[in-house]
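Structure below is coords.txt: compact mmCIF, C-alpha atoms.
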# COMPACT_ATOMS: atom_id res chain seq x y z
CA MET A 1 0.00 0.00 0.00
CA SER A 2 2.96 2.34 0.52
CA ALA A 3 6.51 2.64 -0.69
CA THR A 4 9.42 4.71 0.59
CA ILE A 5 10.27 7.73 -1.54
CA ASN A 6 13.77 8.21 -2.85
CA PRO A 7 14.27 12.02 -2.82
CA LEU A 8 16.90 11.71 -5.56
CA ALA A 9 14.22 10.37 -7.90
CA ASN A 10 12.27 13.65 -7.77
CA PRO A 11 12.81 16.24 -10.49
CA LYS A 12 15.17 19.02 -9.46
CA GLY A 13 13.44 21.52 -7.18
CA VAL A 14 10.38 19.30 -6.64
CA LYS A 15 9.54 18.20 -3.10
CA LYS A 16 6.77 15.74 -2.33
CA LEU A 17 4.62 16.87 0.60
CA CYS A 18 2.39 14.98 2.98
CA GLU A 19 -1.27 14.97 1.98
CA LEU A 20 -2.36 15.88 5.52
CA CYS A 21 0.26 18.17 7.05
CA GLN A 22 2.28 19.42 4.05
CA GLU A 23 5.53 18.31 5.69
CA PRO A 24 8.19 16.59 3.51
CA ALA A 25 6.85 13.18 2.46
CA LYS A 26 8.61 9.86 2.95
CA LEU A 27 5.93 7.45 1.74
CA GLN A 28 3.94 7.11 -1.46
CA CYS A 29 0.62 5.36 -2.09
CA THR A 30 1.50 2.42 -4.36
CA LYS A 31 -2.01 2.26 -5.83
CA CYS A 32 -2.51 5.76 -7.21
CA LEU A 33 1.17 6.87 -7.13
CA VAL A 34 0.10 10.52 -6.78
CA THR A 35 -0.48 10.80 -3.02
CA PHE A 36 2.30 11.16 -0.46
CA TYR A 37 2.67 11.05 3.33
CA CYS A 38 5.21 11.92 6.00
CA ASN A 39 4.49 8.73 7.98
CA SER A 40 2.30 5.63 8.05
CA ASP A 41 -0.08 7.11 10.65
CA HIS A 42 -1.04 9.95 8.33
CA GLN A 43 -1.46 7.50 5.47
CA GLN A 44 -3.79 5.30 7.51
CA THR A 45 -5.78 8.33 8.71
CA ASP A 46 -6.23 9.57 5.16
CA TRP A 47 -7.16 6.09 3.88
CA THR A 48 -9.88 5.72 6.54
CA SER A 49 -11.26 9.21 6.01
CA ILE A 50 -11.34 9.55 2.23
CA HIS A 51 -8.42 8.14 0.23
CA GLY A 52 -9.82 4.61 0.18
CA LYS A 53 -12.90 5.99 -1.63
CA VAL A 54 -11.09 8.10 -4.23
CA CYS A 55 -7.78 6.32 -4.89
CA PRO A 56 -8.90 4.73 -8.21
CA LEU A 57 -10.47 8.02 -9.33
CA LEU A 58 -7.19 9.84 -8.71
CA VAL A 59 -5.48 7.42 -11.09
CA SER A 60 -8.04 8.21 -13.78
CA ILE A 61 -7.79 11.98 -13.25
CA HIS A 62 -4.00 11.97 -13.50
CA THR A 63 -3.94 9.83 -16.64
CA PRO A 64 -2.50 12.09 -19.36
CA ALA A 65 -4.43 12.76 -22.54
CA PRO A 66 -3.54 10.46 -25.41
CA PHE A 67 -1.19 12.04 -27.92
CA SER A 68 -3.35 13.48 -30.66
CA ALA A 69 -3.13 16.35 -33.05
CA LEU A 70 -6.90 16.78 -33.07
CA GLN A 71 -8.18 19.71 -31.03
CA SER A 72 -11.53 17.97 -30.56
CA ASP A 73 -9.84 15.00 -28.86
CA ARG A 74 -7.97 17.26 -26.46
CA GLU A 75 -11.15 19.19 -25.64
CA HIS A 76 -13.06 15.95 -25.01
CA HIS A 77 -10.34 14.69 -22.64
CA HIS A 78 -10.38 18.03 -20.79
CA LYS A 79 -14.18 17.90 -20.35
CA GLU A 80 -14.08 14.30 -19.10
CA THR A 81 -11.28 15.13 -16.65
CA LEU A 82 -13.25 18.12 -15.34
CA LYS A 83 -16.28 15.87 -14.75
CA LYS A 84 -14.11 13.45 -12.78
CA GLN A 85 -12.63 16.28 -10.73
CA LYS A 86 -16.12 17.54 -9.84
CA HIS A 87 -17.15 13.98 -8.96
CA LEU A 88 -14.11 13.60 -6.69
CA ALA A 89 -14.94 16.89 -4.92
CA GLU A 90 -18.53 15.72 -4.41
CA ILE A 91 -17.40 12.37 -2.97
CA ALA A 92 -15.13 14.21 -0.52
CA HIS A 93 -18.02 16.57 0.32
CA LEU A 94 -20.41 13.70 1.11
CA GLU A 95 -17.81 11.80 3.14
CA SER A 96 -17.05 14.93 5.16
CA GLN A 97 -20.75 15.35 5.93
CA ARG A 98 -20.99 11.69 6.92
CA TRP A 99 -18.11 11.99 9.40
CA VAL A 100 -19.59 15.22 10.84
CA SER A 101 -22.94 13.49 11.42
CA LYS A 102 -21.13 10.71 13.29
CA LYS A 103 -19.14 13.30 15.30
CA ARG A 104 -15.89 11.69 14.13
CA PHE A 105 -14.30 15.08 13.71
CA GLN A 106 -10.74 13.86 13.26
CA ASP A 107 -11.91 11.87 10.24
CA VAL A 108 -13.64 14.93 8.81
CA LEU A 109 -10.40 16.83 8.30
CA PRO A 110 -8.70 14.79 5.52
CA ALA A 111 -11.94 14.50 3.54
CA ALA A 112 -12.83 18.18 3.92
CA LEU A 113 -9.29 19.29 3.00
CA LEU A 114 -9.43 17.15 -0.14
CA PHE A 115 -12.84 18.64 -0.94
CA LEU A 116 -11.38 22.14 -0.54
CA ARG A 117 -8.32 21.46 -2.73
CA TRP A 118 -10.29 19.98 -5.60
CA ALA A 119 -13.02 22.63 -5.37
CA MET A 120 -10.24 25.23 -5.74
CA ARG A 121 -8.89 23.44 -8.81
CA VAL A 122 -12.31 23.22 -10.43
CA TYR A 123 -13.87 26.56 -9.47
CA GLY A 124 -10.95 28.83 -8.52
CA SER A 125 -9.56 30.09 -5.22
CA CYS A 126 -12.26 32.72 -4.56
CA ALA A 127 -15.38 30.86 -5.71
CA VAL A 128 -18.48 30.55 -3.51
CA GLU A 129 -18.34 26.78 -4.14
CA LEU A 130 -15.49 26.69 -1.58
CA VAL A 131 -17.76 27.83 1.26
CA PRO A 132 -19.20 24.36 2.09
CA ALA A 133 -15.64 23.03 2.49
CA TYR A 134 -14.69 25.90 4.81
CA LEU A 135 -17.84 25.26 6.88
CA LEU A 136 -17.12 21.54 7.21
CA LEU A 137 -13.55 22.28 8.30
CA ALA A 138 -14.90 24.79 10.82
CA GLN A 139 -17.41 22.27 12.20
CA ALA A 140 -14.68 19.66 12.59
CA ASN A 141 -12.44 22.08 14.46
CA ILE A 142 -15.33 23.19 16.71
CA GLY A 143 -15.91 19.53 17.53
CA LEU A 144 -12.20 19.08 18.29
CA GLY A 145 -12.11 22.19 20.46
CA SER A 146 -9.81 24.08 18.06
CA LEU A 147 -11.92 27.23 18.10
CA SER A 148 -9.24 29.58 16.74
CA GLN A 149 -8.76 27.31 13.70
CA ALA A 150 -12.54 27.14 13.24
CA HIS A 151 -12.67 30.95 13.37
CA GLU A 152 -10.01 31.14 10.66
CA TYR A 153 -12.00 28.91 8.29
CA LEU A 154 -15.20 30.82 9.01
CA SER A 155 -13.45 34.11 8.28
CA LYS A 156 -12.51 32.74 4.86
CA ALA A 157 -16.10 31.63 4.31
CA GLU A 158 -17.46 35.06 5.32
CA TRP A 159 -14.97 36.84 3.07
CA THR A 160 -15.93 34.62 0.11
CA VAL A 161 -19.64 35.24 0.68
CA MET A 162 -19.05 38.98 1.01
CA LYS A 163 -17.26 38.97 -2.36
CA THR A 164 -20.11 37.06 -4.03
CA PRO A 165 -23.07 39.32 -4.93
CA GLY A 166 -26.42 37.55 -4.81
CA CYS A 167 -25.12 34.65 -2.76
CA SER A 168 -27.81 31.96 -2.39
CA HIS A 169 -29.92 31.72 0.77
CA THR A 170 -28.76 28.11 1.13
CA VAL A 171 -25.13 29.20 1.54
CA LEU A 172 -26.12 32.04 3.88
CA HIS A 173 -28.17 29.77 6.15
CA GLN A 174 -25.30 27.26 6.33
CA LEU A 175 -22.81 30.04 7.10
CA HIS A 176 -24.89 31.50 9.93
CA ARG A 177 -25.61 28.05 11.35
CA THR A 178 -21.89 27.30 11.61
CA LEU A 179 -21.14 30.76 13.00
CA GLY A 180 -23.83 30.13 15.61
CA ARG A 181 -22.18 26.84 16.54
CA LEU A 182 -18.82 28.58 16.99
CA HIS A 183 -20.25 31.38 19.16
CA ALA A 184 -22.18 28.83 21.25
CA ALA A 185 -18.93 26.87 21.79
CA MET A 186 -17.27 30.13 22.85
CA GLU A 187 -20.21 30.71 25.28
CA LYS A 188 -21.17 33.88 23.42
CA TYR A 189 -24.83 32.96 23.62
CA THR A 190 -26.37 36.28 22.55
CA SER A 191 -24.42 36.41 19.29
CA ALA A 192 -25.00 32.66 18.79
CA LEU A 193 -28.76 33.25 18.95
CA THR A 194 -28.45 36.11 16.46
CA HIS A 195 -26.67 33.84 13.99
CA PHE A 196 -29.19 31.04 14.50
CA ALA A 197 -32.02 33.52 13.94
CA ASN A 198 -30.38 34.52 10.64
CA ASP A 199 -29.98 30.83 9.85
CA VAL A 200 -33.73 30.29 10.37
CA TYR A 201 -34.57 33.34 8.24
CA TYR A 202 -32.48 32.29 5.24
CA ALA A 203 -33.50 28.63 5.53
CA SER A 204 -37.19 29.56 5.67
CA GLU A 205 -36.78 31.79 2.62
CA MET A 206 -35.25 28.88 0.72
CA PHE A 207 -37.10 25.85 2.07
CA GLY A 208 -40.18 27.18 3.91
CA LEU A 209 -40.90 27.96 7.55
CA GLY A 210 -42.10 24.43 8.35
CA SER A 211 -39.19 22.70 6.61
CA THR A 212 -37.03 20.20 8.48
CA VAL A 213 -34.01 22.19 7.26
CA THR A 214 -35.35 25.31 8.98
CA SER A 215 -36.17 23.31 12.11
CA GLY A 216 -32.46 22.53 12.51
CA GLY A 217 -31.92 26.19 13.40
CA TYR A 218 -34.71 26.06 15.98
CA PHE A 219 -33.10 22.97 17.50
CA LEU A 220 -29.75 24.73 17.89
CA MET A 221 -31.45 27.81 19.39
CA ALA A 222 -33.18 25.56 21.93
CA ASP A 223 -29.80 24.16 22.98
CA VAL A 224 -28.53 27.70 23.63
CA PHE A 225 -31.64 28.60 25.65
CA LEU A 226 -31.09 25.50 27.80
CA LYS A 227 -27.54 26.69 28.49
CA GLN A 228 -29.03 30.04 29.50
CA ASN A 229 -31.35 28.18 31.90
CA LYS A 230 -34.49 29.03 29.91
CA PRO A 231 -36.13 25.60 29.57
CA ASP A 232 -39.60 26.95 28.74
CA ILE A 233 -38.34 28.68 25.58
CA ALA A 234 -36.29 25.60 24.67
CA HIS A 235 -39.37 23.43 25.16
CA SER A 236 -41.46 25.50 22.76
CA LEU A 237 -38.70 25.37 20.12
CA TYR A 238 -38.31 21.61 20.55
CA THR A 239 -42.07 21.27 19.99
CA GLU A 240 -41.73 23.20 16.72
CA VAL A 241 -38.93 20.89 15.59
CA ALA A 242 -40.87 17.75 16.58
CA ASN A 243 -43.98 18.91 14.71
CA SER A 244 -42.01 19.77 11.55
CA TRP A 245 -40.35 16.37 11.46
CA HIS A 246 -43.55 14.44 12.22
CA THR A 247 -45.45 16.23 9.45
CA HIS A 248 -42.63 15.65 6.96
CA LEU A 249 -42.22 11.96 7.79
CA CYS A 250 -45.99 11.35 7.71
CA LYS A 251 -46.13 12.82 4.20
CA LEU A 252 -43.35 10.49 3.06
CA MET A 253 -45.12 7.51 4.61
CA ASP A 254 -48.46 8.53 3.03
CA GLY A 255 -46.77 8.56 -0.37
CA ILE A 256 -45.56 5.03 0.18
CA GLY A 257 -48.97 3.89 1.42
CA GLN A 258 -50.72 5.29 -1.66
CA SER A 259 -48.27 3.72 -4.11
CA GLY A 260 -48.16 0.44 -2.20
CA THR A 261 -44.49 0.08 -3.03
CA GLN A 262 -41.47 -0.78 -0.93
CA PRO A 263 -40.05 2.48 0.51
CA GLU A 264 -36.94 3.74 -1.17
CA LYS A 265 -34.23 5.14 1.06
CA CYS A 266 -35.33 8.76 1.54
CA PHE A 267 -32.29 9.94 3.49
CA ASP A 268 -28.57 9.41 3.09
CA GLU A 269 -26.58 8.16 6.07
CA ALA A 270 -25.59 11.62 7.30
CA GLN A 271 -29.18 12.94 7.14
CA CYS A 272 -30.52 9.87 8.94
CA VAL A 273 -27.96 10.13 11.76
CA GLU A 274 -28.54 13.88 12.18
CA ALA A 275 -32.34 13.46 12.31
CA ASP A 276 -32.02 10.58 14.78
CA GLN A 277 -29.79 12.66 17.06
CA MET A 278 -32.24 15.60 17.07
CA LEU A 279 -35.40 13.57 17.61
CA SER A 280 -33.78 11.32 20.25
CA CYS A 281 -32.52 14.39 22.13
CA ILE A 282 -36.00 15.96 22.13
CA LEU A 283 -37.62 12.67 23.20
CA GLU A 284 -35.19 12.39 26.12
CA PHE A 285 -35.94 16.01 27.08
CA GLU A 286 -39.70 15.31 27.01
CA GLU A 287 -39.33 12.23 29.18
CA GLN A 288 -37.30 14.14 31.76
CA CYS A 289 -39.73 17.08 32.01
CA VAL A 290 -41.43 17.75 35.34
CA LYS A 291 -44.76 17.49 33.51
CA PRO A 292 -44.14 14.95 30.75
CA ARG A 293 -46.51 14.95 27.76
CA PRO A 294 -47.24 11.34 26.68
CA ASP A 295 -48.83 12.49 23.42
CA GLN A 296 -45.69 14.45 22.45
CA SER A 297 -43.41 11.56 23.46
CA ALA A 298 -45.57 9.14 21.43
CA MET A 299 -45.35 11.43 18.41
CA LEU A 300 -41.55 11.63 18.72
CA ALA A 301 -41.22 7.84 19.05
CA HIS A 302 -43.48 7.49 16.01
CA SER A 303 -41.25 9.95 14.10
CA LEU A 304 -38.16 7.92 14.97
CA ALA A 305 -39.92 4.73 13.88
CA MET A 306 -40.87 6.30 10.53
CA LEU A 307 -37.35 7.69 10.08
CA TRP A 308 -35.73 4.28 10.51
CA LEU A 309 -38.35 2.58 8.34
CA LEU A 310 -37.58 5.06 5.55
CA CYS A 311 -33.87 4.33 6.09
CA ASN A 312 -34.65 0.60 5.71
CA ASN A 313 -33.61 -0.23 9.27
CA TYR A 314 -36.66 -2.28 10.23
CA THR A 315 -35.29 -3.46 13.58
CA LYS A 316 -35.00 0.11 14.86
CA ALA A 317 -38.33 1.01 13.26
CA LEU A 318 -39.96 -1.83 15.21
CA GLU A 319 -38.22 -0.79 18.44
CA TYR A 320 -39.48 2.80 18.28
CA GLY A 321 -42.86 1.74 16.94
CA LYS A 322 -43.44 -0.45 19.98
CA LYS A 323 -42.31 2.39 22.23
CA ALA A 324 -44.83 4.71 20.56
CA GLU A 325 -47.53 2.07 20.98
CA VAL A 326 -46.88 1.89 24.74
CA LEU A 327 -46.79 5.69 25.11
CA ILE A 328 -50.10 6.20 23.33
CA GLN A 329 -52.04 3.78 25.51
CA GLY A 330 -54.72 5.63 27.46
CA LEU A 331 -54.77 8.63 25.12
CA SER A 332 -58.32 8.48 23.77
CA GLU A 333 -57.99 11.45 21.37
CA GLN A 334 -55.10 10.07 19.34
CA ASN A 335 -56.93 7.57 17.12
CA ARG A 336 -55.23 8.69 13.90
CA LEU A 337 -51.77 8.46 15.45
CA ARG A 338 -52.66 5.08 16.96
CA GLU A 339 -53.68 3.80 13.51
CA SER A 340 -50.45 5.10 11.94
CA ILE A 341 -48.36 3.36 14.61
CA HIS A 342 -50.28 0.12 14.10
CA ASN A 343 -49.75 0.22 10.30
CA LEU A 344 -46.04 0.97 10.74
CA LEU A 345 -45.58 -1.96 13.12
CA GLN A 346 -47.28 -4.29 10.66
CA HIS A 347 -45.04 -3.08 7.84
CA ALA A 348 -41.83 -3.42 9.88
CA GLU A 349 -42.77 -6.91 11.11
CA LYS A 350 -43.54 -8.01 7.56
CA GLN A 351 -40.13 -6.82 6.35
CA LEU A 352 -38.40 -8.74 9.14
CA GLU A 353 -40.16 -12.06 8.40
Write the structure described by the file as structure tokens, please.
Amino acid sequence: MSATINPLANPKGVKKLCELCQEPAKLQCTKCLVTFYCNSDHQQTDWTSIHGKVCPLLVSIHTPAPFSALQSDREHHHKETLKKQKHLAEIAHLESQRWVSKKRFQDVLPAALLFLRWAMRVYGSCAVELVPAYLLLAQANIGLGSLSQAHEYLSKAEWTVMKTPGCSHTVLHQLHRTLGRLHAAMEKYTSALTHFANDVYYASEMFGLGSTVTSGGYFLMADVFLKQNKPDIAHSLYTEVANSWHTHLCKLMDGIGQSGTQPEKCFDEAQCVEADQMLSCILEFEEQCVKPRPDQSAMLAHSLAMLWLLCNNYTKALEYGKKAEVLIQGLSEQNRLRESIHNLLQHAEKQLE
């Protein structure tokens, strides 16, 4: 998998640098031959994070164009290479998001750095397409406690957005959400709430006020209010998040019920993990309240059951479905919810037969 580099074999003036730390490299990946490392630990870290997914693609990207005098052939090769470069950047983007959702922040860094490098090659060093990479690197550093490094990446993201007239609301909501996370980690709760409020505004403009994307900002605001010892405000925001997710998941389930088909996977791994973390957190909060609300807890358990059913994890769907069934017992005014839980349990049990 790796071979020692002979420095004398490099062209004059060329130094191979480590993929992760940019220190002088001593090892080379023997599969792609274009990636270098200062030691085996960095190679293993990179392989786990992203290199194992993109190694063959790197070979293809670095394959030179066949010798041809035809301009059309050269243009075709350039277009195909550009497509591969964009595909590589997207793979690194998705892997970075997946590691963030799992809170494996050390694994985020190699993937997000690769995403940033290839986005720069494809779009240029000042393009707004770099912002998602800066935000992922900032999130990873917040998770690792490296707040000054996170601030540096966010400053680059802010500068890029400022230089981009008409920047999309999607980018702006993501920027303010990450800025809110940083300020919350720095215990600057007032400014964190301001950024989360901006996040909610831009997300609602893009996706709608009741969207699950928008509800992510409410969830983060609730966390800040809890840290400020304002549980009543947090509770109301959690209720908003729970209602948004339940409505969204019920619509997806209704679509499946009407078509009578096997549900396709509606969420990627990162989305599923993030939704599970939010809904589980709110369910735990509800259960620990001085005045618990069984109807709200039942709805949250039902949401988690639907989420895992739509992610094709029928064991977890059955687990949460049964929990919802227990919670709804004795609630006479929840007939529709009771019927939905019953149908979900039947579906999950059938899939596990």
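Taking only C-alpha atoms, the non-local environment of A:Lys79 within 12 Å (same-chain residues fewer than 5 positions away omitted) comprises Ile61, Ala65, Ser72, Asp73, Arg74, Lys84, Gln85, Lys86 and Val122 of chain A.
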Selection near A:His169, 9 Å with all atoms listed in the file, sequence-local residues under 6 positions removed, as number ranges by chain: A: 201-203, 205-206
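In terms of minimum interatomic distance to A:Ala184, A:Val224 ranks closest within A:Met162, A:Met299, A:Val224, A:Leu283, counting only C-alpha atoms.
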Would you pick out the contacts of stretch 314-329 of chain A at 8 Å or less, using all atoms listed in the file, so that residues sharing its chain but fewer than 5 positions from it are not included, and give the list as a ChimeraX atom specification? /A:294-295,297-302,304-309,334,338,341-342,344-345,348-349,351-352
Writing out the chosen residues with C-alpha atoms as a PDB file, in the coordinates of the input:
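What follows is the written file selection-v6.pdb:
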ATOM      1  CA  PRO A 294     -47.240  11.340  26.680  1.00  0.00           C
ATOM      2  CA  ASP A 295     -48.830  12.490  23.420  1.00  0.00           C
ATOM      3  CA  SER A 297     -43.410  11.560  23.460  1.00  0.00           C
ATOM      4  CA  ALA A 298     -45.570   9.140  21.430  1.00  0.00           C
ATOM      5  CA  MET A 299     -45.350  11.430  18.410  1.00  0.00           C
ATOM      6  CA  LEU A 300     -41.550  11.630  18.720  1.00  0.00           C
ATOM      7  CA  ALA A 301     -41.220   7.840  19.050  1.00  0.00           C
ATOM      8  CA  HIS A 302     -43.480   7.490  16.010  1.00  0.00           C
ATOM      9  CA  LEU A 304     -38.160   7.920  14.970  1.00  0.00           C
ATOM     10  CA  ALA A 305     -39.920   4.730  13.880  1.00  0.00           C
ATOM     11  CA  MET A 306     -40.870   6.300  10.530  1.00  0.00           C
ATOM     12  CA  LEU A 307     -37.350   7.690  10.080  1.00  0.00           C
ATOM     13  CA  TRP A 308     -35.730   4.280  10.510  1.00  0.00           C
ATOM     14  CA  LEU A 309     -38.350   2.580   8.340  1.00  0.00           C
ATOM     15  CA  GLN A 334     -55.100  10.070  19.340  1.00  0.00           C
ATOM     16  CA  ARG A 338     -52.660   5.080  16.960  1.00  0.00           C
ATOM     17  CA  ILE A 341     -48.360   3.360  14.610  1.00  0.00           C
ATOM     18  CA  HIS A 342     -50.280   0.120  14.100  1.00  0.00           C
ATOM     19  CA  LEU A 344     -46.040   0.970  10.740  1.00  0.00           C
ATOM     20  CA  LEU A 345     -45.580  -1.960  13.120  1.00  0.00           C
ATOM     21  CA  ALA A 348     -41.830  -3.420   9.880  1.00  0.00           C
ATOM     22  CA  GLU A 349     -42.770  -6.910  11.110  1.00  0.00           C
ATOM     23  CA  GLN A 351     -40.130  -6.820   6.350  1.00  0.00           C
ATOM     24  CA  LEU A 352     -38.400  -8.740   9.140  1.00  0.00           C
TER      25      LEU A 352
END
For A:Ala234, the closest of A:Phe285, A:Asp268, A:Ala275, A:Glu129 counting all atoms listed in the file is A:Phe285
Just how far from atom CA of A:Phe105 is atom CA of A:Leu249, in Å to one decimal? 28.7 Å
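Residue neighbourhood of A:Leu193, excluding near-sequence residues (fewer than 4 positions): Gly180, Tyr189, Ala197 and Met221 of chain A, at 7 Å, using only C-alpha atoms.
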If I wrap all listed atoms of stretch 97-109 of chain A in a box with edges along x, y and z and add 5 Å on each side, what are its centre and edge lengths in Å to one decimal, as AutoDock Vina command-line options?
--center_x -16.7 --center_y 13.8 --center_z 10.6 --size_x 22.5 --size_y 16.1 --size_z 19.4
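Among the candidate residues A:His51, A:His235, A:Leu179, A:Ser303, the one lying nearest to A:Glu287 is A:His235, with distances computed using all atoms listed in the file.
Of note, atom CA of A:Met120 and atom CA of A:Ser96 are spaced 16.5 Å apart.
Using all atoms listed in the file for every distance, the candidate list A:Leu175, A:Leu337, A:Leu144, A:Val273 yields A:Leu337 as the residue closest to A:His246.
For the point (-32.7, 27.5, 9.9) in file coordinates, the residues within 6 Å, using all atoms listed in the file, are Asp199, Val200, Ala203, Thr214, Ser215, Gly216 and Gly217 of chain A.
The nearest approach to A:Pro56 among the residues A:Thr35, A:Gln44, A:Gln71, A:Asn198, with only C-alpha atoms taken into account, belongs to A:Thr35.
Take the candidates A:Ser49, A:Thr81, A:Thr190, A:Thr212 and check each one against A:Glu95 using only C-alpha atoms; the shortest distance goes to A:Ser49.
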One decimal, in Å: what's the spacing between atom CA of A:Gln296 and atom CA of A:Cys250? 15.1 Å
Write stretch 31-42 of chain A as a compact mmCIF listing (two decimals), in the coordinates of the input, completed to N, CA, C and O atoms.
# COMPACT_ATOMS: atom_id res chain seq x y z
N LYS A 31 -0.87 2.53 -4.94
CA LYS A 31 -2.01 2.26 -5.83
C LYS A 31 -2.24 3.40 -6.83
O LYS A 31 -2.38 3.17 -8.02
N CYS A 32 -2.28 4.63 -6.31
CA CYS A 32 -2.51 5.76 -7.21
C CYS A 32 -1.21 6.43 -7.65
O CYS A 32 -1.18 7.10 -8.70
N LEU A 33 -0.16 6.32 -6.84
CA LEU A 33 1.17 6.87 -7.13
C LEU A 33 1.20 8.41 -7.17
O LEU A 33 2.20 8.99 -7.59
N VAL A 34 0.13 9.06 -6.73
CA VAL A 34 0.10 10.52 -6.78
C VAL A 34 -0.14 11.14 -5.41
O VAL A 34 -0.27 12.36 -5.28
N THR A 35 -0.21 10.30 -4.36
CA THR A 35 -0.48 10.80 -3.02
C THR A 35 0.67 10.40 -2.11
O THR A 35 1.13 9.25 -2.15
N PHE A 36 1.10 11.35 -1.26
CA PHE A 36 2.30 11.16 -0.46
C PHE A 36 2.04 11.49 1.01
O PHE A 36 1.14 12.28 1.33
N TYR A 37 2.87 10.89 1.89
CA TYR A 37 2.67 11.05 3.33
C TYR A 37 4.01 11.14 4.04
O TYR A 37 5.02 10.57 3.59
N CYS A 38 3.98 11.80 5.20
CA CYS A 38 5.21 11.92 6.00
C CYS A 38 5.44 10.68 6.86
O CYS A 38 6.56 10.39 7.24
N ASN A 39 4.35 9.95 7.19
CA ASN A 39 4.49 8.73 7.98
C ASN A 39 3.27 7.83 7.76
O ASN A 39 2.27 8.24 7.15
N SER A 40 3.36 6.62 8.27
CA SER A 40 2.30 5.63 8.05
C SER A 40 1.01 5.99 8.78
O SER A 40 -0.08 5.61 8.34
N ASP A 41 1.13 6.70 9.91
CA ASP A 41 -0.08 7.11 10.65
C ASP A 41 -0.94 8.05 9.81
O ASP A 41 -2.17 7.90 9.76
N HIS A 42 -0.29 9.02 9.17
CA HIS A 42 -1.04 9.95 8.33
C HIS A 42 -1.64 9.23 7.12
O HIS A 42 -2.75 9.55 6.69
